[in-house]
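A.B. asks: This structure is in structure tokens; I'll ask about it shortly.
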Amino acid sequence: MMVTLPPDYRPSDDEEFMSTQQSEYFRQKLQRWRADLLREADGTLASLSEGGIHVADITDRASVETDRALELRTRDRARKLISKIDQALQRIENGAYGFCEETGEPIGLKRLEARPIATLSIEAQERHERMERVHRDD
């Protein structure tokens, strides 16, 4: 089913949570984010493949190595994000998007606007982080 959104559409709390318009809004937001990440990844890939290191000066060489390491880390982060975006798009398809994986409660529009790949409500997320801190201190 195709949903056309008005250009100025913003999800609001006075409509049904994850209505077809809200779902479509987040689907488009996620797809734009994914496309941006892929474009950036293509850019780093191009600059990585150019960068056969032919730098004589040892400090320049170290700088080039550091840049490459940073680019590789950035690409890894982008790959993980794209995977999370794909999972979010899948949740939109099956109707689970926007609801906390733990409680089944709505995650909330503000949180989804800020972090469209969120799978937990703020309360569940805070519980997780507290548990992680407790177990990290062992």
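Numbering starts fresh at 1 for the residues of each chain in the structure tokens, the chains themselves are lettered A, B, ... in the order given, and ligands are numbered from 1 as they appear.
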Quick one: which region 18-90 of chain A residues come within 12 Å of region 115-126 of chain A, and what is the nearest atom pair for each with the distance in Å to one decimal, counting only C-alpha atoms, rows ordered by chain and ascending number, as JSON lines?

C.D. replies:
{"residue": "A:Gln22", "atom": "CA", "partner": "A:Pro116", "partner_atom": "CA", "distance": 11.8}
{"residue": "A:Ser23", "atom": "CA", "partner": "A:Pro116", "partner_atom": "CA", "distance": 11.1}
{"residue": "A:Tyr25", "atom": "CA", "partner": "A:Pro116", "partner_atom": "CA", "distance": 10.6}
{"residue": "A:Phe26", "atom": "CA", "partner": "A:Pro116", "partner_atom": "CA", "distance": 7.1}
{"residue": "A:Arg27", "atom": "CA", "partner": "A:Pro116", "partner_atom": "CA", "distance": 9.3}
{"residue": "A:Gln28", "atom": "CA", "partner": "A:Pro116", "partner_atom": "CA", "distance": 10.8}
{"residue": "A:Lys29", "atom": "CA", "partner": "A:Pro116", "partner_atom": "CA", "distance": 7.9}
{"residue": "A:Leu30", "atom": "CA", "partner": "A:Pro116", "partner_atom": "CA", "distance": 6.9}
{"residue": "A:Gln31", "atom": "CA", "partner": "A:Pro116", "partner_atom": "CA", "distance": 10.7}
{"residue": "A:Arg32", "atom": "CA", "partner": "A:Pro116", "partner_atom": "CA", "distance": 11.5}
{"residue": "A:Trp33", "atom": "CA", "partner": "A:Pro116", "partner_atom": "CA", "distance": 9.6}
{"residue": "A:Arg34", "atom": "CA", "partner": "A:Ile117", "partner_atom": "CA", "distance": 11.2}
{"residue": "A:Lys80", "atom": "CA", "partner": "A:Ile117", "partner_atom": "CA", "distance": 11.4}
{"residue": "A:Leu81", "atom": "CA", "partner": "A:Ile117", "partner_atom": "CA", "distance": 8.6}
{"residue": "A:Ile82", "atom": "CA", "partner": "A:Ile117", "partner_atom": "CA", "distance": 9.9}
{"residue": "A:Ser83", "atom": "CA", "partner": "A:Ile117", "partner_atom": "CA", "distance": 10.0}
{"residue": "A:Lys84", "atom": "CA", "partner": "A:Ile117", "partner_atom": "CA", "distance": 6.3}
{"residue": "A:Ile85", "atom": "CA", "partner": "A:Ile117", "partner_atom": "CA", "distance": 6.0}
{"residue": "A:Asp86", "atom": "CA", "partner": "A:Ile117", "partner_atom": "CA", "distance": 9.1}
{"residue": "A:Gln87", "atom": "CA", "partner": "A:Ile117", "partner_atom": "CA", "distance": 8.1}
{"residue": "A:Ala88", "atom": "CA", "partner": "A:Ile117", "partner_atom": "CA", "distance": 5.7}
{"residue": "A:Leu89", "atom": "CA", "partner": "A:Ile117", "partner_atom": "CA", "distance": 8.9}
{"residue": "A:Gln90", "atom": "CA", "partner": "A:Ile117", "partner_atom": "CA", "distance": 11.0}

A.B. asks: Looking only at the backbone, which of the residues in region 69-103 of chain A does DSSP tag as helix (DSSP H, G or I), as an MDAnalysis selection string?

C.D. replies: chainID A and resid 69:93

A.B. asks: Of the candidates A:Phe99, A:Ala78, A:Glu24, A:Thr66, which shows the shortest atom-to-atom distance to Leu5 (chain A), using only C-alpha atoms?

C.D. replies: A:Glu24

A.B. asks: Which residue out of A:Ala114, A:Leu109, A:Ala35, A:Met2 has the minimum interatomic distance to Glu15 (chain A) when only C-alpha atoms are used?

C.D. replies: A:Leu109

A.B. asks: In Å, with one decimal, what is the gap from CA of Arg73 (chain A) to CA of Arg91 (chain A)?

C.D. replies: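 The value is 27.2 Å.
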
A.B. asks: Could you work out how far CA of Ile107 (chain A) lies from CA of Asp13 (chain A), giving the answer in Å with one decimal?

C.D. replies: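 Atom-to-atom, CA of Asp13 (chain A) and CA of Ile107 (chain A) are spaced 12.1 Å apart.
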
A.B. asks: Given the choices A:Arg10, A:Ser19, A:Asp76, A:His128, which gets closest to Ile92 (chain A) if the distance is worked out from only C-alpha atoms?

C.D. replies: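 Between A:Arg10, A:Ser19, A:Asp76, A:His128, the residue approaching Ile92 (chain A) most closely is A:Ser19.
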